[in-house]
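Peer 1: Before we start, here is the structure in question, set down as structure tokens.
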Amino acid sequence: MQEIIEIIEYENESHRVDFKKIEFSLGKEDKKNEILKDFSSFANHLNDEDKFIIIGIKENEDKSKEVFGIDTPTDEAKYNQFITENIEPQINFEYRNFSYKGKTVCYFRLYSNYNRPYLFKKDTKKPDGKTDFKYGDGFIRIGTTTKKIGRKELDDINEAKKKYQNRQLEIDIVPFVRLSENQEVNKWNVKCLDLNIVNNSNKSIDIDIEINIKKSKGFTVLLDTDFLRELQDKENEKKQSISYLPVITAFNPIINNFHVSFSETDTQFTFERTPLNQKFAVTLKQNSVYKEIFLQSIILLQDSSNMIEAEVIIRSDDFTKGALIKNINFET
């Protein structure tokens with residue numbers, strides 16, 4: 001919010017900033033496709049910094065600003081659906097609002113859009129049925145103007161891709177739920193949560209990885225070794241309650257899981273692959289799938305089926321834009 005205030009007060013319209021008096025219209029409005037053109041143009045600009053479209057502010061010819069505000073901001077989900085239906089690949093953005101000088105000001109922040117070009121995936125029409133933009137159209141922001149992408153702009157985009165390749169785009173995360181194959185765990189017929197990680201590139205990549213599982217009613221998760229220790233403790237307690245039976249501990253001692261660490265807070269469970277004696281925890285070989293990244297160590301205990309929300313964080317020296325963060329779901 002402070003960054004937006006500074007943009008309003010100290011910056012003018014540019015390749016990364018635009019001001020609009022009113023919200024983008026949707027539905028049957030004549031200019032409903034305007035947001036598609038603007039989003040395409042900002043996302044296609046070769047500068048990787050965040051871009052901002054600030055709503056409820058008008059920039060005058062003398063560069064002064066007027067604050068008009070927005071009475072009832074549109075839900076971000078409606079914009080997201082409309083943009084996703086018409087432009088590919090998906091444009092990353094957020095739509096937020098805050099109070100500024102007694103008015104509600106909204107803003108779009110477009111971020112981490114490296115997979116250029118962003119083009120129309122189908123013909124878009126006006127409410128009267130006339131074609132507004134055609135399949136394959138794209139735009140690019142140049143200064144304060146918007147230009148349709150041509151051969152030169154496509155060449156510039158492709159040349160930029162050669163200089164910088166975002167390796168985050170080469171990684172796919174595939175969550176799954178299955179019965180554990182650990183013999184000691186399997187006899188209790190419990191499931192485990194895990195991930196397959198796909199490296200789609202021709203180069204190997206070293207990563208650290210963790211998963212944060214959102215706490216909710218109806219289930220809990222724990223390490224396989226902790227699960228077995230709890231069973232062992234309960235069995236010993238049961239034997240202790242029968243006075244004439246000796247207390248016999250498990251013949252096979254439970255060894256700590258050195259490959260996966262576990263912690264928890266009030267809101268989430270965290271599992272992390274540990275590096276052991278190397279810099280990174282895992283090496284993803286080129287054009288390969290690393291199966292069961294957490295080695296079937298995340299044991300699921302539940303009363304009924306659940307939709308479990310989680311966040312995966314992957315870090316690598318090859319990620320020049322920071323960690324790869326992705327929200328996933330386990331359907332149990």
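In the structure tokens, the first chain shown is A, the next is B, and so on; residue numbers restart at 1 for each chain, and ligands run from 1 in the order shown.
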Return as a list in words the full set of residues in region 169-300 of chain A whose backbone-based DSSP assignment is helix (DSSP H, G or I).
Peer 2: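 Residues of region 169-300 of chain A classed as helix (DSSP H, G or I): Leu169, Glu170, Gln183, Glu184, Val185, Asn186, Asp224, Thr225, Asp226, Phe227, Leu228, Arg229, Glu230, Leu231, Gln232, Asp233, Lys234, Glu235, Asn236, Glu237, Lys238, Lys239 and Gln240 of chain A.
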Peer 1: Can those selected residues be exported to a file as a compact mmCIF listing (two decimals), in the first residue's frame so that it contains N, CA, C and O atoms?
Peer 2:
```txt
# COMPACT_ATOMS: atom_id res chain seq x y z
N LEU A 169 9.81 -21.97 -14.68
CA LEU A 169 8.80 -22.41 -15.65
C LEU A 169 9.04 -23.84 -16.12
O LEU A 169 8.16 -24.44 -16.75
N GLU A 170 10.20 -24.39 -15.83
CA GLU A 170 10.54 -25.74 -16.28
C GLU A 170 10.15 -26.81 -15.26
O GLU A 170 10.30 -28.00 -15.51
N GLN A 183 6.52 -51.19 5.12
CA GLN A 183 5.88 -52.39 5.66
C GLN A 183 5.30 -52.18 7.05
O GLN A 183 4.21 -52.66 7.37
N GLU A 184 6.02 -51.43 7.89
CA GLU A 184 5.55 -51.20 9.25
C GLU A 184 4.33 -50.27 9.27
O GLU A 184 3.46 -50.40 10.11
N VAL A 185 4.30 -49.34 8.32
CA VAL A 185 3.18 -48.40 8.25
C VAL A 185 2.00 -49.00 7.50
O VAL A 185 0.83 -48.82 7.86
N ASN A 186 2.29 -49.76 6.45
CA ASN A 186 1.27 -50.27 5.55
C ASN A 186 0.26 -51.17 6.25
O ASN A 186 -0.92 -51.20 5.89
N ASP A 224 6.39 -40.37 9.41
CA ASP A 224 6.21 -41.81 9.55
C ASP A 224 6.84 -42.34 10.84
O ASP A 224 6.25 -43.18 11.53
N THR A 225 8.02 -41.82 11.20
CA THR A 225 8.67 -42.30 12.42
C THR A 225 7.89 -41.90 13.67
O THR A 225 7.80 -42.67 14.63
N ASP A 226 7.31 -40.71 13.66
CA ASP A 226 6.50 -40.27 14.80
C ASP A 226 5.23 -41.13 14.90
O ASP A 226 4.77 -41.46 16.00
N PHE A 227 4.66 -41.46 13.76
CA PHE A 227 3.47 -42.33 13.73
C PHE A 227 3.78 -43.68 14.36
O PHE A 227 3.03 -44.19 15.21
N LEU A 228 4.91 -44.28 13.99
CA LEU A 228 5.28 -45.59 14.52
C LEU A 228 5.60 -45.52 16.01
O LEU A 228 5.28 -46.43 16.78
N ARG A 229 6.23 -44.42 16.45
CA ARG A 229 6.53 -44.27 17.88
C ARG A 229 5.24 -44.16 18.70
O ARG A 229 5.15 -44.71 19.80
N GLU A 230 4.26 -43.44 18.17
CA GLU A 230 3.00 -43.32 18.89
C GLU A 230 2.32 -44.68 19.02
O GLU A 230 1.76 -45.01 20.08
N LEU A 231 2.36 -45.46 17.97
CA LEU A 231 1.79 -46.81 18.05
C LEU A 231 2.54 -47.66 19.07
O LEU A 231 1.93 -48.42 19.84
N GLN A 232 3.85 -47.53 19.06
CA GLN A 232 4.68 -48.29 20.01
C GLN A 232 4.35 -47.89 21.45
O GLN A 232 4.21 -48.75 22.33
N ASP A 233 4.22 -46.59 21.69
CA ASP A 233 3.91 -46.11 23.03
C ASP A 233 2.55 -46.61 23.51
O ASP A 233 2.38 -47.00 24.67
N LYS A 234 1.58 -46.61 22.60
CA LYS A 234 0.24 -47.09 22.98
C LYS A 234 0.26 -48.57 23.30
O LYS A 234 -0.42 -49.03 24.21
N GLU A 235 1.06 -49.32 22.53
CA GLU A 235 1.15 -50.76 22.80
C GLU A 235 1.79 -51.02 24.16
O GLU A 235 1.35 -51.89 24.92
N ASN A 236 2.83 -50.24 24.50
CA ASN A 236 3.47 -50.40 25.81
C ASN A 236 2.53 -50.02 26.94
O ASN A 236 2.51 -50.66 28.00
N GLU A 237 1.75 -48.94 26.75
CA GLU A 237 0.78 -48.54 27.77
C GLU A 237 -0.26 -49.62 27.99
O GLU A 237 -0.68 -49.90 29.11
N LYS A 238 -0.67 -50.27 26.91
CA LYS A 238 -1.65 -51.34 27.00
C LYS A 238 -1.11 -52.51 27.82
O LYS A 238 -1.79 -53.08 28.66
N LYS A 239 0.15 -52.85 27.57
CA LYS A 239 0.77 -53.96 28.31
C LYS A 239 0.98 -53.62 29.77
O LYS A 239 0.85 -54.47 30.64
N GLN A 240 1.29 -52.36 30.06
CA GLN A 240 1.50 -51.95 31.44
C GLN A 240 0.21 -52.04 32.25
O GLN A 240 0.23 -52.24 33.46
```
Peer 1: Applying 7 Å and only C-alpha atoms, which residues near region 26-42 of chain A remain after dropping the ones on its own chain fewer than 6 positions away? List them as a list in words.
Peer 2: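 Neighbouring residues, sequence-local ones excluded: Arg16, Lys51, Ile83, Tyr118, Leu119, Lys126, Pro127, Gly138, Phe139, Ile140, Arg141 and Thr146 of chain A.
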Peer 1: Find the residues around Glu66 (chain A) up to 10 Å (only C-alpha atoms counted), leave out those fewer than 3 positions away in its own chain, and share them as a list in words.
Peer 2: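 Listed by chain and then number, they are Ile8, Lys21, Gly56, Ile57, Lys58, Glu59, Asn60, Lys63 and Gly69 of chain A.
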Peer 1: Which residues are near Val17 (chain A)? Cut-off 7 Å, only C-alpha atoms, ignore same chain within fewer than 3 positions. Put them as a list of chain:residue names.
Peer 2: A:Glu13, A:Ser14, A:Lys51, A:Phe52, A:Ile53
Peer 1: Restricted to N, CA and C atoms, what would the selected residues look like written as an mmCIF file, in the first residue's frame?
Peer 2:
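Writing the result to result-v4.cif gives the following:
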```cif
data_model
loop_
_atom_site.group_PDB
_atom_site.id
_atom_site.type_symbol
_atom_site.label_atom_id
_atom_site.label_comp_id
_atom_site.auth_asym_id
_atom_site.auth_seq_id
_atom_site.Cartn_x
_atom_site.Cartn_y
_atom_site.Cartn_z
ATOM 1 N N GLU A 13 2.493 8.408 -15.385
ATOM 2 C CA GLU A 13 2.269 7.262 -16.250
ATOM 3 C C GLU A 13 3.533 6.941 -17.044
ATOM 4 N N SER A 14 3.788 5.637 -17.194
ATOM 5 C CA SER A 14 5.015 5.183 -17.845
ATOM 6 C C SER A 14 4.799 3.775 -18.373
ATOM 7 N N LYS A 51 4.278 -4.215 -12.595
ATOM 8 C CA LYS A 51 3.540 -3.159 -13.294
ATOM 9 C C LYS A 51 2.283 -2.847 -12.487
ATOM 10 N N PHE A 52 1.833 -1.568 -12.538
ATOM 11 C CA PHE A 52 0.693 -1.148 -11.723
ATOM 12 C C PHE A 52 -0.330 -0.383 -12.564
ATOM 13 N N ILE A 53 -1.593 -0.763 -12.418
ATOM 14 C CA ILE A 53 -2.705 0.007 -12.973
ATOM 15 C C ILE A 53 -3.538 0.459 -11.780
#
```
Peer 1: Between CA of Glu9 (chain A) and CA of Tyr114 (chain A), measure the distance and give it in Å to one decimal.
Peer 2: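 Distance reported for this atom pair: 28.5 Å.
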Peer 1: Find, counting only C-alpha atoms, the residue in A:Glu292, A:Ala77, A:Tyr111, A:Thr274 that gets nearest to Leu193 (chain A).
Peer 2: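 Checking each candidate against Leu193 (chain A), we get A:Glu292 as the closest.
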Peer 1: Considering only C-alpha atoms, return as a PyMOL selection string whatever protein or nucleic-acid residues lie within 7 Å of Val282 (chain A), sequence-local ones (same chain, fewer than 2 positions apart) excluded.
Peer 2: chain A and resi 206-208+280+284
Peer 1: For those residues, write N, CA, C and O atoms to a file as a PDB file, in the first residue's frame.
Peer 2:
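Below you can see again_39.pdb, which holds the result:
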```pdb
ATOM      1  N   ASP A 206      19.566 -28.319  -8.886  1.00  0.00           N
ATOM      2  CA  ASP A 206      19.618 -28.632  -7.456  1.00  0.00           C
ATOM      3  C   ASP A 206      18.590 -27.779  -6.725  1.00  0.00           C
ATOM      4  O   ASP A 206      18.516 -26.560  -6.941  1.00  0.00           O
ATOM      5  N   ILE A 207      17.824 -28.406  -5.844  1.00  0.00           N
ATOM      6  CA  ILE A 207      16.764 -27.682  -5.144  1.00  0.00           C
ATOM      7  C   ILE A 207      16.712 -28.041  -3.665  1.00  0.00           C
ATOM      8  O   ILE A 207      17.161 -29.112  -3.245  1.00  0.00           O
ATOM      9  N   ASP A 208      16.157 -27.121  -2.889  1.00  0.00           N
ATOM     10  CA  ASP A 208      15.634 -27.390  -1.562  1.00  0.00           C
ATOM     11  C   ASP A 208      14.121 -27.267  -1.665  1.00  0.00           C
ATOM     12  O   ASP A 208      13.610 -26.421  -2.413  1.00  0.00           O
ATOM     13  N   PHE A 280      22.424 -28.809  -1.375  1.00  0.00           N
ATOM     14  CA  PHE A 280      20.993 -28.859  -1.635  1.00  0.00           C
ATOM     15  C   PHE A 280      20.453 -30.244  -1.314  1.00  0.00           C
ATOM     16  O   PHE A 280      21.175 -31.234  -1.334  1.00  0.00           O
ATOM     17  N   LEU A 284      17.401 -32.663  -9.332  1.00  0.00           N
ATOM     18  CA  LEU A 284      16.449 -33.090 -10.354  1.00  0.00           C
ATOM     19  C   LEU A 284      17.216 -33.313 -11.651  1.00  0.00           C
ATOM     20  O   LEU A 284      17.771 -32.369 -12.221  1.00  0.00           O
TER      21      LEU A 284
END
```
Peer 1: Write out as a ChimeraX atom specification which residues come within 7 Å of region 150-162 of chain A when counting only C-alpha atoms, dropping same-chain ones fewer than 6 positions away.
Peer 2: /A:46,116-117
Peer 1: Can you tell me, as a PyMOL selection string, which residues in region 60-287 of chain A count as strand (DSSP E) by DSSP?
Peer 2: chain A and resi 65-67+87-88+93-100+103-110+119-120+124-125+131-133+139-142+145-148+171-179+191-199+205-214+219-223+260-264+268-273+282-284
Peer 1: Excluding Tyr100 (chain A) and any residue of its chain fewer than 4 positions from it, enumerate the residues within 9 Å of it, using only C-alpha atoms, and give them as a PyMOL selection string.
Peer 2: chain A and resi 5+67+69+104-105
Peer 1: Please produce a file of the residues just selected, as an mmCIF file, in the first residue's frame, where the atoms kept are C-alpha atoms.
Peer 2:
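As a result, part_7.cif now contains:
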```cif
data_model
loop_
_atom_site.group_PDB
_atom_site.id
_atom_site.type_symbol
_atom_site.label_atom_id
_atom_site.label_comp_id
_atom_site.auth_asym_id
_atom_site.auth_seq_id
_atom_site.Cartn_x
_atom_site.Cartn_y
_atom_site.Cartn_z
ATOM 1 C CA ILE A 5 0.835 5.822 -2.346
ATOM 2 C CA VAL A 67 -8.633 11.316 -6.518
ATOM 3 C CA GLY A 69 -12.170 6.701 -5.744
ATOM 4 C CA THR A 104 -11.366 3.835 -1.888
ATOM 5 C CA VAL A 105 -8.535 3.450 -4.398
#
```
